[in-house]
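For reference, query_5.cif is printed below; it contains mmCIF, C-alpha atoms.
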data_upload
loop_
_atom_site.label_atom_id
_atom_site.label_comp_id
_atom_site.auth_asym_id
_atom_site.auth_seq_id
_atom_site.Cartn_x
_atom_site.Cartn_y
_atom_site.Cartn_z
CA MET A 183 45.93 -27.25 67.52
CA ASN A 184 46.93 -24.53 69.93
CA PRO A 185 48.31 -21.55 67.90
CA ILE A 186 51.39 -21.25 70.12
CA ALA A 187 52.10 -24.98 69.89
CA LYS A 188 51.74 -24.71 66.11
CA LYS A 189 54.26 -21.84 65.99
CA ILE A 190 56.69 -23.78 68.17
CA LEU A 191 56.39 -26.84 65.92
CA ILE A 192 56.96 -24.69 62.83
CA THR A 193 60.07 -23.21 64.44
CA LEU A 194 61.41 -26.64 65.43
CA GLY A 195 60.63 -28.00 61.95
CA PHE A 196 62.64 -25.29 60.21
CA LEU A 197 65.52 -25.70 62.66
CA LEU A 198 65.47 -29.46 61.95
CA VAL A 199 65.80 -28.74 58.23
CA TYR A 200 68.73 -26.47 59.05
CA ARG A 201 70.48 -29.21 61.03
CA ILE A 202 69.88 -31.76 58.25
CA LEU A 203 71.48 -29.41 55.71
CA ALA A 204 74.57 -29.26 57.92
CA TYR A 205 75.26 -32.87 56.83
CA VAL A 206 74.96 -32.19 53.07
CA PRO A 207 78.53 -31.68 51.76
CA VAL A 208 79.67 -29.58 48.83
CA PRO A 209 80.19 -31.79 45.72
CA GLY A 210 83.75 -32.91 45.05
CA VAL A 211 85.14 -32.58 48.60
CA ASN A 212 87.27 -35.25 50.27
CA LEU A 213 85.63 -35.17 53.70
CA ASP A 214 88.32 -37.33 55.34
CA VAL A 215 91.01 -34.75 54.54
CA VAL A 216 88.80 -31.90 55.78
CA LYS A 217 87.97 -33.78 58.99
CA ASP A 218 91.65 -34.41 59.76
CA PHE A 219 92.43 -30.75 59.07
CA PHE A 220 89.79 -29.44 61.47
CA ALA A 221 90.87 -31.86 64.18
CA GLY A 222 93.89 -29.60 64.69
CA HIS A 223 92.02 -26.31 64.34
CA GLN A 224 89.43 -26.46 67.10
CA HIS A 225 90.61 -23.33 68.90
CA ASP A 226 91.54 -20.95 66.08
CA ALA A 227 89.60 -18.85 63.56
CA LEU A 228 88.27 -21.84 61.67
CA GLY A 229 87.24 -23.48 64.93
CA LEU A 230 85.26 -20.39 65.92
CA LEU A 231 83.58 -20.24 62.51
CA ASN A 232 82.82 -23.96 62.80
CA MET A 233 81.22 -23.36 66.21
CA PHE A 234 78.80 -20.74 64.86
CA SER A 235 77.85 -23.01 61.96
CA GLY A 236 77.14 -26.04 64.17
CA ASN A 237 80.04 -28.10 62.70
CA ALA A 238 78.82 -27.38 59.18
CA VAL A 239 82.26 -26.00 58.21
CA SER A 240 84.15 -29.11 59.34
CA ARG A 241 81.70 -31.17 57.26
CA MET A 242 82.14 -28.69 54.38
CA SER A 243 78.39 -28.45 54.14
CA ILE A 244 76.50 -26.33 51.62
CA ILE A 245 75.50 -24.13 54.59
CA ALA A 246 79.07 -23.81 55.89
CA LEU A 247 78.87 -20.00 55.62
CA GLY A 248 75.73 -19.96 57.77
CA VAL A 249 73.97 -16.61 58.09
CA MET A 250 77.16 -14.63 58.69
CA PRO A 251 77.12 -13.08 55.16
CA TYR A 252 73.60 -11.81 55.86
CA ILE A 253 74.67 -10.36 59.21
CA THR A 254 77.71 -8.73 57.59
CA ALA A 255 75.47 -7.18 54.92
CA SER A 256 73.09 -5.94 57.63
CA ILE A 257 75.98 -4.29 59.48
CA ILE A 258 77.14 -2.52 56.33
CA MET A 259 73.61 -1.28 55.59
CA GLU A 260 73.07 -0.04 59.16
CA LEU A 261 76.33 1.90 59.00
CA LEU A 262 75.41 3.38 55.61
CA ALA A 263 71.89 4.24 56.82
CA ALA A 264 73.38 6.10 59.79
CA THR A 265 75.75 7.95 57.46
CA PHE A 266 73.31 8.77 54.64
CA PRO A 267 69.90 10.04 55.88
CA SER A 268 68.23 9.33 52.53
CA LEU A 269 69.05 5.64 52.93
CA GLY A 270 67.86 5.69 56.53
CA GLU A 271 64.51 7.11 55.41
CA LEU A 272 63.80 3.88 53.52
CA LYS A 273 63.18 2.05 56.81
CA LYS A 274 60.37 4.37 57.91
CA ASP A 275 57.64 3.06 55.60
CA SER A 276 56.68 -0.40 54.38
CA THR A 277 57.55 0.18 50.70
CA GLY A 278 60.93 1.71 51.53
CA PHE A 279 61.69 -1.02 54.06
CA GLN A 280 61.13 -3.68 51.39
CA LYS A 281 63.66 -1.91 49.17
CA TYR A 282 66.05 -1.70 52.11
CA MET A 283 65.78 -5.44 52.74
CA LYS A 284 66.31 -6.17 49.04
CA ILE A 285 69.58 -4.24 49.11
CA ILE A 286 70.67 -6.30 52.13
CA LYS A 287 69.85 -9.54 50.33
CA TYR A 288 71.71 -8.50 47.17
CA SER A 289 74.70 -7.58 49.35
CA THR A 290 74.42 -10.96 51.07
CA VAL A 291 74.66 -12.68 47.68
CA ALA A 292 77.86 -10.78 46.84
CA ILE A 293 79.49 -11.41 50.23
CA ALA A 294 78.56 -15.11 50.30
CA PHE A 295 79.83 -15.59 46.75
CA ILE A 296 83.21 -14.02 47.59
CA GLN A 297 83.57 -16.04 50.79
CA ALA A 298 82.61 -19.29 49.04
CA ILE A 299 85.24 -18.72 46.35
CA GLY A 300 87.81 -18.04 49.10
CA ILE A 301 86.94 -21.33 50.78
CA ALA A 302 87.12 -23.24 47.47
CA ILE A 303 90.59 -21.83 46.72
CA GLY A 304 91.69 -22.63 50.27
CA LEU A 305 90.54 -26.25 49.90
CA SER A 306 92.52 -26.60 46.68
CA HIS A 307 95.73 -26.10 48.70
CA LEU A 308 94.69 -28.55 51.42
CA THR A 309 96.22 -32.02 51.45
CA GLY A 310 95.88 -34.98 53.78
CA ARG A 311 98.53 -36.92 55.66
CA GLY A 312 99.00 -39.27 52.74
CA GLY A 313 99.29 -36.43 50.24
CA GLU A 314 95.74 -36.79 48.91
CA SER A 315 93.99 -33.57 47.93
CA ALA A 316 90.84 -32.22 49.57
CA VAL A 317 89.41 -31.62 46.08
CA MET A 318 88.49 -34.71 44.07
CA ILE A 319 87.29 -33.04 40.84
CA ASP A 320 88.48 -30.47 38.33
CA MET A 321 89.44 -27.22 40.07
CA SER A 322 87.38 -24.90 37.85
CA SER A 323 84.29 -27.05 38.26
CA PHE A 324 84.89 -27.30 42.00
CA VAL A 325 85.12 -23.51 42.45
CA LEU A 326 81.85 -22.99 40.56
CA LEU A 327 80.06 -25.80 42.41
CA THR A 328 81.30 -24.57 45.79
CA ALA A 329 80.44 -20.93 45.08
CA PHE A 330 76.89 -21.60 43.91
CA SER A 331 76.07 -24.38 46.37
CA MET A 332 77.24 -22.37 49.38
CA LEU A 333 75.52 -19.27 48.04
CA GLY A 334 72.31 -21.25 47.67
CA GLY A 335 72.73 -22.69 51.17
CA THR A 336 73.20 -19.27 52.74
CA MET A 337 70.21 -17.73 50.96
CA PHE A 338 68.08 -20.74 51.91
CA LEU A 339 69.05 -20.20 55.56
CA VAL A 340 68.08 -16.53 55.26
CA TRP A 341 64.70 -17.65 53.90
CA ILE A 342 64.32 -20.11 56.80
CA GLY A 343 65.11 -17.30 59.23
CA GLU A 344 62.41 -15.11 57.68
CA GLN A 345 59.87 -17.93 57.86
CA ILE A 346 60.64 -18.55 61.53
CA THR A 347 60.25 -14.83 62.31
CA ASP A 348 56.96 -14.57 60.39
CA LYS A 349 55.31 -17.91 61.17
CA GLY A 350 57.17 -19.22 64.22
CA ILE A 351 58.35 -17.75 67.51
CA GLY A 352 61.45 -15.64 68.00
CA ASN A 353 63.99 -14.05 65.71
CA GLY A 354 64.76 -16.56 62.97
CA ILE A 355 68.35 -15.50 62.26
CA SER A 356 69.25 -15.50 65.97
CA LEU A 357 67.63 -18.92 66.46
CA ILE A 358 69.65 -20.38 63.58
CA ILE A 359 72.88 -19.24 65.24
CA PHE A 360 71.51 -20.48 68.58
CA ALA A 361 70.75 -23.93 67.12
CA GLY A 362 74.22 -24.17 65.60
CA ILE A 363 75.94 -23.41 68.90
CA VAL A 364 73.67 -25.63 71.00
CA SER A 365 74.18 -28.57 68.63
CA ARG A 366 77.83 -28.64 69.72
CA ILE A 367 77.08 -28.90 73.44
CA PRO A 368 76.95 -32.75 73.60
CA SER A 369 80.27 -33.12 71.76
CA ALA A 370 81.81 -30.35 73.89
CA ILE A 371 80.77 -32.18 77.07
CA MET A 372 82.20 -35.45 75.78
CA GLY A 373 85.40 -33.73 74.71
CA THR A 374 85.82 -32.18 78.16
CA LEU A 375 85.25 -35.53 79.87
CA ASN A 376 87.84 -37.10 77.55
CA LEU A 377 90.35 -34.45 78.63
CA VAL A 378 89.76 -35.52 82.22
CA ASP A 379 90.15 -39.21 81.30
CA VAL A 380 93.51 -38.68 79.58
CA GLY A 381 94.77 -36.38 82.34
CA GLU A 382 94.98 -33.18 80.28
CA LEU A 383 92.34 -31.57 82.51
CA SER A 384 92.30 -32.16 86.25
CA VAL A 385 89.14 -32.58 88.28
CA ILE A 386 89.87 -29.26 89.98
CA GLY A 387 90.22 -27.63 86.58
CA LEU A 388 86.92 -29.14 85.48
CA ILE A 389 85.18 -27.81 88.60
CA PHE A 390 86.71 -24.39 87.99
CA VAL A 391 85.43 -24.37 84.39
CA LEU A 392 81.95 -25.40 85.55
CA ILE A 393 81.94 -22.58 88.11
CA ILE A 394 82.87 -20.10 85.35
CA VAL A 395 80.08 -21.37 83.12
CA VAL A 396 77.41 -21.28 85.83
CA ALA A 397 78.52 -17.88 87.14
CA THR A 398 78.61 -16.43 83.62
CA VAL A 399 75.14 -17.71 82.77
CA ALA A 400 73.71 -16.42 86.06
CA PHE A 401 75.33 -13.02 85.58
CA ILE A 402 74.01 -12.75 82.00
CA ILE A 403 70.46 -13.57 83.11
CA TYR A 404 70.70 -11.06 85.99
CA VAL A 405 71.86 -8.21 83.73
CA GLU A 406 69.51 -9.05 80.86
CA LEU A 407 66.53 -8.76 83.19
CA GLY A 408 67.80 -5.50 84.68
CA GLU A 409 66.23 -2.19 83.66
CA ARG A 410 65.98 1.45 84.76
CA ARG A 411 62.38 2.55 85.22
CA VAL A 412 61.95 6.25 84.53
CA PRO A 413 58.77 7.46 86.36
CA ILE A 414 56.00 9.08 84.29
CA SER A 415 53.13 11.27 85.48
CA TYR A 416 49.97 12.05 83.53
CA GLN A 417 47.62 15.00 83.58
CA LYS A 418 44.38 14.46 85.51
CA LYS A 419 42.36 14.70 82.29
CA VAL A 420 44.30 11.85 80.74
CA LEU A 421 43.96 9.73 83.88
CA MET A 422 40.18 10.29 83.93
CA GLN A 423 39.85 9.33 80.27
CA ASN A 424 41.86 6.13 80.89
CA ARG A 425 40.49 5.22 84.33
CA PHE A 426 39.34 1.83 83.02
CA LYS A 427 42.64 1.21 81.17
CA ARG A 428 46.11 0.39 82.41
CA VAL A 429 48.35 3.43 81.97
CA MET A 430 52.06 2.62 82.29
CA ASN A 431 53.58 4.98 84.86
CA TYR A 432 57.19 4.40 83.90
CA ILE A 433 59.48 3.99 80.89
CA PRO A 434 61.57 0.81 81.13
CA ILE A 435 65.12 1.25 79.77
CA LYS A 436 67.14 -1.95 79.71
CA VAL A 437 70.72 -2.06 80.91
CA ASN A 438 71.60 -3.90 77.70
CA LEU A 439 69.63 -2.01 75.07
CA SER A 440 71.40 -3.63 72.13
CA GLY A 441 70.72 -7.25 73.16
CA VAL A 442 72.54 -10.03 71.35
CA ILE A 443 73.43 -7.95 68.27
CA PRO A 444 76.90 -6.57 69.29
CA PRO A 445 78.66 -9.93 69.84
CA ILE A 446 77.08 -11.35 66.66
CA PHE A 447 78.10 -8.29 64.64
CA ALA A 448 81.61 -8.34 66.11
CA SER A 449 82.02 -12.03 65.30
CA ALA A 450 80.72 -11.50 61.75
CA ILE A 451 83.16 -8.63 61.15
CA LEU A 452 86.10 -10.69 62.41
CA MET A 453 85.05 -13.85 60.58
CA PHE A 454 84.80 -12.21 57.16
CA PRO A 455 88.55 -11.49 56.64
CA LEU A 456 89.51 -14.74 58.36
CA THR A 457 87.32 -16.73 55.96
CA VAL A 458 88.65 -14.92 52.90
CA LEU A 459 92.26 -15.36 54.08
CA SER A 460 91.82 -19.03 54.99
CA GLY A 461 93.44 -20.25 51.76
CA VAL A 462 96.15 -17.64 51.16
CA ASN A 463 99.88 -18.42 50.93
CA ASN A 464 101.24 -14.88 50.82
CA PRO A 465 103.49 -14.42 53.89
CA ILE A 466 102.03 -11.00 54.74
CA LEU A 467 98.43 -12.19 54.49
CA VAL A 468 99.28 -15.36 56.42
CA SER A 469 100.78 -13.27 59.23
CA ILE A 470 97.62 -11.12 59.34
CA ARG A 471 95.47 -14.25 59.52
CA ASP A 472 97.63 -15.79 62.24
CA SER A 473 97.64 -12.58 64.28
CA LEU A 474 93.83 -12.75 64.38
CA ASN A 475 93.83 -16.21 65.92
CA PRO A 476 90.80 -16.42 68.29
CA ASN A 477 93.09 -18.01 70.86
CA GLY A 478 95.32 -14.92 70.91
CA TYR A 479 95.15 -11.57 72.66
CA LEU A 480 94.83 -9.31 69.58
CA PHE A 481 91.66 -11.06 68.44
CA HIS A 482 89.97 -10.51 71.80
CA VAL A 483 91.12 -6.89 72.10
CA ILE A 484 89.58 -6.14 68.70
CA GLU A 485 86.48 -8.14 69.60
CA PHE A 486 86.10 -6.20 72.87
CA LEU A 487 86.33 -2.85 71.06
CA LEU A 488 83.92 -3.96 68.32
CA VAL A 489 81.38 -5.14 70.89
CA ILE A 490 81.49 -1.75 72.63
CA PHE A 491 81.15 0.10 69.31
CA PHE A 492 78.18 -1.94 68.14
CA ALA A 493 76.54 -1.71 71.59
CA TYR A 494 76.49 2.08 71.31
CA PHE A 495 75.62 2.01 67.62
CA TYR A 496 72.69 -0.38 67.90
CA ALA A 497 71.39 1.20 71.13
CA SER A 498 71.15 4.53 69.31
CA ILE A 499 68.98 2.83 66.68
CA VAL A 500 66.59 0.89 68.92
CA PHE A 501 66.14 3.67 71.51
CA ASN A 502 64.88 6.94 69.98
CA ALA A 503 64.52 9.43 72.83
CA LYS A 504 63.06 12.12 70.55
CA ASP A 505 60.16 9.93 69.43
CA ILE A 506 59.47 8.81 73.00
CA SER A 507 59.40 12.41 74.26
CA GLU A 508 57.05 13.48 71.45
CA ASN A 509 54.69 10.58 72.15
CA LEU A 510 54.68 11.40 75.86
CA LYS A 511 53.82 15.02 75.08
CA LYS A 512 50.94 13.99 72.82
CA GLN A 513 49.56 11.66 75.51
CA GLY A 514 49.80 14.28 78.25
CA GLY A 515 52.61 12.49 80.06
CA PHE A 516 55.78 13.95 81.52
CA ILE A 517 58.75 13.02 83.67
CA PRO A 518 58.49 14.71 87.09
CA GLY A 519 60.94 17.61 87.28
CA ILE A 520 61.69 17.52 83.52
CA ARG A 521 60.03 19.82 81.00
CA PRO A 522 58.22 18.05 78.12
CA GLY A 523 59.76 18.07 74.67
CA GLU A 524 63.47 18.61 74.07
CA SER A 525 64.40 18.55 77.76
CA THR A 526 62.74 15.13 78.13
CA ALA A 527 64.61 13.81 75.07
CA LYS A 528 67.94 15.04 76.49
CA PHE A 529 67.20 13.45 79.87
CA LEU A 530 66.26 10.11 78.29
CA ASN A 531 69.37 10.20 76.09
CA SER A 532 71.49 10.85 79.17
CA VAL A 533 69.97 7.88 81.00
CA ALA A 534 70.29 5.64 77.94
CA ASN A 535 73.95 6.62 77.40
CA LYS A 536 74.84 5.83 81.01
CA LEU A 537 73.13 2.46 80.82
CA THR A 538 74.70 1.74 77.44
CA PHE A 539 78.15 2.42 78.87
CA TRP A 540 77.67 -0.22 81.56
CA GLY A 541 75.83 -2.49 79.13
CA SER A 542 78.67 -2.31 76.60
CA MET A 543 81.24 -3.00 79.33
CA TYR A 544 79.17 -5.98 80.42
CA LEU A 545 78.97 -7.33 76.88
CA GLY A 546 82.67 -6.81 76.25
CA VAL A 547 83.76 -8.39 79.53
CA ILE A 548 81.42 -11.37 79.19
CA THR A 549 82.72 -11.91 75.66
CA ILE A 550 86.39 -12.15 76.66
CA LEU A 551 86.43 -12.90 80.41
CA PRO A 552 85.95 -16.71 80.24
CA TRP A 553 88.73 -16.99 77.65
CA LEU A 554 91.01 -14.69 79.66
CA LEU A 555 90.45 -16.59 82.90
CA VAL A 556 91.09 -19.93 81.23
CA LYS A 557 94.19 -18.48 79.54
CA LEU A 558 95.60 -17.12 82.78
CA MET A 559 94.74 -20.24 84.81
CA GLY A 560 96.31 -22.51 82.20
CA VAL A 561 93.28 -24.79 81.95
CA ASN A 562 93.36 -26.79 78.72
CA PHE A 563 89.80 -25.98 77.78
CA TYR A 564 88.42 -23.45 75.31
CA PHE A 565 85.35 -21.63 76.57
CA GLY A 566 83.72 -19.06 74.29
CA GLY A 567 81.99 -16.24 76.14
CA THR A 568 80.40 -15.05 72.90
CA ALA A 569 78.72 -18.42 72.39
CA VAL A 570 77.31 -18.49 75.93
CA LEU A 571 76.18 -14.88 75.61
CA ILE A 572 74.32 -15.56 72.38
CA VAL A 573 72.72 -18.77 73.68
CA VAL A 574 71.46 -17.19 76.92
CA GLN A 575 70.23 -13.96 75.30
CA VAL A 576 68.41 -15.75 72.48
CA ALA A 577 66.85 -18.16 74.99
CA ILE A 578 65.62 -15.26 77.16
CA ASP A 579 64.29 -13.36 74.14
CA THR A 580 62.46 -16.44 72.84
CA MET A 581 60.94 -17.16 76.27
CA ARG A 582 59.71 -13.56 76.47
CA LYS A 583 58.06 -13.85 73.06
CA ILE A 584 56.40 -17.12 74.03
CA GLN A 585 55.14 -15.47 77.22
CA ALA A 586 53.81 -12.54 75.17
CA GLN A 587 52.01 -14.96 72.86
CA LEU A 588 50.47 -16.73 75.86
CA THR A 589 49.28 -13.39 77.27
CA MET A 590 47.75 -12.38 73.94
CA GLN A 591 46.01 -15.73 73.65
CA LYS A 592 44.60 -15.32 77.16
CA TYR A 593 43.15 -11.90 76.32
CA ASP A 594 41.72 -13.21 73.04
CA THR A 595 40.02 -16.03 74.92
CA LEU A 596 38.55 -13.61 77.47
CA SER A 597 37.21 -11.32 74.72
CA VAL A 598 35.57 -14.25 72.92
CA THR A 599 33.89 -15.57 76.08
CA GLY A 600 32.83 -12.04 77.09
CA LEU A 601 34.61 -12.15 80.47
#
Could you write out this file's structure as structure tokens?
Amino acid sequence: MNPIAKKILITLGFLLVYRILAYVPVPGVNLDVVKDFFAGHQHDALGLLNMFSGNAVSRMSIIALGVMPYITASIIMELLAATFPSLGELKKDSTGFQKYMKIIKYSTVAIAFIQAIGIAIGLSHLTGRGGESAVMIDMSSFVLLTAFSMLGGTMFLVWIGEQITDKGIGNGISLIIFAGIVSRIPSAIMGTLNLVDVGELSVIGLIFVLIIVVATVAFIIYVELGERRVPISYQKKVLMQNRFKRVMNYIPIKVNLSGVIPPIFASAILMFPLTVLSGVNNPILVSIRDSLNPNGYLFHVIEFLLVIFFAYFYASIVFNAKDISENLKKQGGFIPGIRPGESTAKFLNSVANKLTFWGSMYLGVITILPWLLVKLMGVNFYFGGTAVLIVVQVAIDTMRKIQAQLTMQKYDTLSVTGL
């Protein structure tokens, strides 16, 4: 079998397992009560969490938490690594990186366990229209079963993500989130058509929503493919030594250096307190939870600011101007008009910061603009810019990796045949 086809099948196989697990409920849950409850919470915090899990939350599946605890743990570790240099040093060698990943996984266990207990307590206060409880077994047993089953489901998803990254194609964690969002597209289309049938959404409103979706997707693709190419010149000696090799004569710096990470991180940060507070009855905590409703303005203001923060934060991690300048100097390369070394690093940092500013604005606007337009136009349709952003970016990233695999396979074939 073709190696690329094999990797694609492995990826699809693991994603199929993930979707099957979304239908495995936590023991002791009255699914009818939970289903009725979520029918009225499609556009709030729980609805957003349910979207990222691919309806696993509304089914109270063992993977209802998804990979959000892992992402939250990764955020915390990245912040700590940036604050404490000794912790950041762990990522620079293979042994230290393994320790770093272990800390993230242990943190994931703690976060998932806390969130699962919060969900279990919240379900204990949930009742149906007829007064029946959402919990059908002893409360103590239910809390333990929910905590450990959801913890096991989350860690299994993390393992699936690692297997996809190692043996499949693309980033496993991103593809899991991608699959969860995409799985809701058919039901979202049917729900929108039903709104038109019952008269809650006019044909003009539907056309307007479609225009927003198409324009947003096109704009995301346009920006994601955009890059600033910084020209590079090489000494004649280097060019002579590499006359039979391709020497890149520019440094590509993407407009969006941070990729899909900022909206995912922002969503994970906002989802953590909302999940923990889902079952509280304290008036103060309830008001905090209600103020962070994803259909309100405060939620999107905080989300916008978090996206900008993580765009700058992650761009500073993935783009190291100092290392690039040192490598250029070693290879005999330089930017015309810029002295090698520290001056080159400062110039590259300046270019990256300017691009990151526009990239962060782009990410923030795309995240909230569809919601804001729908809110202002009064269209009865919830459109998540974050979901579209994640889907398009992950699709582009996966296509690039498939293309890279095809290119590598082509070169391997040429080397074997001697051409």
Need to verify the contact set: Ile517 in chain A, 9 Å, all atoms listed in the file, exclusion of same-chain residues closer than 4 positions in sequence. Can you return it as a short mmCIF file (atom, residue, chain, number, x, y, z; two decimals) with C-alpha atoms, in the frame of the given file?
data_model
loop_
_atom_site.label_atom_id
_atom_site.label_comp_id
_atom_site.auth_asym_id
_atom_site.auth_seq_id
_atom_site.Cartn_x
_atom_site.Cartn_y
_atom_site.Cartn_z
CA VAL A 412 61.95 6.25 84.53
CA PRO A 413 58.77 7.46 86.36
CA ILE A 414 56.00 9.08 84.29
CA SER A 415 53.13 11.27 85.48
CA TYR A 416 49.97 12.05 83.53
CA TYR A 432 57.19 4.40 83.90
CA LEU A 510 54.68 11.40 75.86
CA ARG A 521 60.03 19.82 81.00
CA PRO A 522 58.22 18.05 78.12
CA THR A 526 62.74 15.13 78.13
#
Would you work out the distance separating CA of Phe234 in chain A from CA of Ala448 in chain A, expressed in Å to one decimal? 12.8 Å
With a distance cut-off of 8 Å and only C-alpha atoms, select the neighbouring residues of range 353-366 of chain A, excluding the residue or stretch itself and same-chain residues fewer than 2 positions from it, and output the selection as a list in words.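 Using only C-alpha atoms, the neighbours found are Leu197, Tyr200, Arg201, Met233, Phe234, Ser235, Gly236, Asn237, Val249, Val340, Ile342, Gly343, Glu344, Gln345, Ile346, Thr347, Ile351, Pro368, Ser369, Ala370, Ala569, Ile572, Val573, Val576 and Thr580 of chain A.
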Just C-alpha atoms for this one: save the residues we selected as a PDB file, in the frame of the given file.
ATOM      1  CA  LEU A 197      65.520 -25.700  62.660  1.00  0.00           C
ATOM      2  CA  TYR A 200      68.730 -26.470  59.050  1.00  0.00           C
ATOM      3  CA  ARG A 201      70.480 -29.210  61.030  1.00  0.00           C
ATOM      4  CA  MET A 233      81.220 -23.360  66.210  1.00  0.00           C
ATOM      5  CA  PHE A 234      78.800 -20.740  64.860  1.00  0.00           C
ATOM      6  CA  SER A 235      77.850 -23.010  61.960  1.00  0.00           C
ATOM      7  CA  GLY A 236      77.140 -26.040  64.170  1.00  0.00           C
ATOM      8  CA  ASN A 237      80.040 -28.100  62.700  1.00  0.00           C
ATOM      9  CA  VAL A 249      73.970 -16.610  58.090  1.00  0.00           C
ATOM     10  CA  VAL A 340      68.080 -16.530  55.260  1.00  0.00           C
ATOM     11  CA  ILE A 342      64.320 -20.110  56.800  1.00  0.00           C
ATOM     12  CA  GLY A 343      65.110 -17.300  59.230  1.00  0.00           C
ATOM     13  CA  GLU A 344      62.410 -15.110  57.680  1.00  0.00           C
ATOM     14  CA  GLN A 345      59.870 -17.930  57.860  1.00  0.00           C
ATOM     15  CA  ILE A 346      60.640 -18.550  61.530  1.00  0.00           C
ATOM     16  CA  THR A 347      60.250 -14.830  62.310  1.00  0.00           C
ATOM     17  CA  ILE A 351      58.350 -17.750  67.510  1.00  0.00           C
ATOM     18  CA  PRO A 368      76.950 -32.750  73.600  1.00  0.00           C
ATOM     19  CA  SER A 369      80.270 -33.120  71.760  1.00  0.00           C
ATOM     20  CA  ALA A 370      81.810 -30.350  73.890  1.00  0.00           C
ATOM     21  CA  ALA A 569      78.720 -18.420  72.390  1.00  0.00           C
ATOM     22  CA  ILE A 572      74.320 -15.560  72.380  1.00  0.00           C
ATOM     23  CA  VAL A 573      72.720 -18.770  73.680  1.00  0.00           C
ATOM     24  CA  VAL A 576      68.410 -15.750  72.480  1.00  0.00           C
ATOM     25  CA  THR A 580      62.460 -16.440  72.840  1.00  0.00           C
TER      26      THR A 580
END
Rounded to one decimal in Å, what is the spacing between CA of Asn212 in chain A and CA of Thr374 in chain A?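 Separating CA of Asn212 in chain A from CA of Thr374 in chain A is a distance of 28.1 Å.
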As an exercise, work out the distance from CA of Ala329 in chain A to CA of Val199 in chain A in Å and give it to one decimal place.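 So the two atoms, CA of Ala329 in chain A and CA of Val199 in chain A, lie 21.2 Å apart.
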Which residues come within 10 Å of Pro251 in chain A, counting all atoms listed in the file, excluding same-chain residues fewer than 5 positions away, as a compact mmCIF listing (two decimals) with C-alpha atoms, in the frame of the given file?
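Below is the file that was written, result_17.txt:
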# COMPACT_ATOMS: atom_id res chain seq x y z
CA SER A 256 73.09 -5.94 57.63
CA ILE A 257 75.98 -4.29 59.48
CA ILE A 286 70.67 -6.30 52.13
CA LYS A 287 69.85 -9.54 50.33
CA SER A 289 74.70 -7.58 49.35
CA THR A 290 74.42 -10.96 51.07
CA VAL A 291 74.66 -12.68 47.68
CA ALA A 292 77.86 -10.78 46.84
CA ILE A 293 79.49 -11.41 50.23
CA ALA A 294 78.56 -15.11 50.30
CA PHE A 295 79.83 -15.59 46.75
CA ILE A 296 83.21 -14.02 47.59
CA GLN A 297 83.57 -16.04 50.79
CA LEU A 333 75.52 -19.27 48.04
CA THR A 336 73.20 -19.27 52.74
CA MET A 337 70.21 -17.73 50.96
CA VAL A 340 68.08 -16.53 55.26
CA ALA A 450 80.72 -11.50 61.75
CA ILE A 451 83.16 -8.63 61.15
CA MET A 453 85.05 -13.85 60.58
CA PHE A 454 84.80 -12.21 57.16
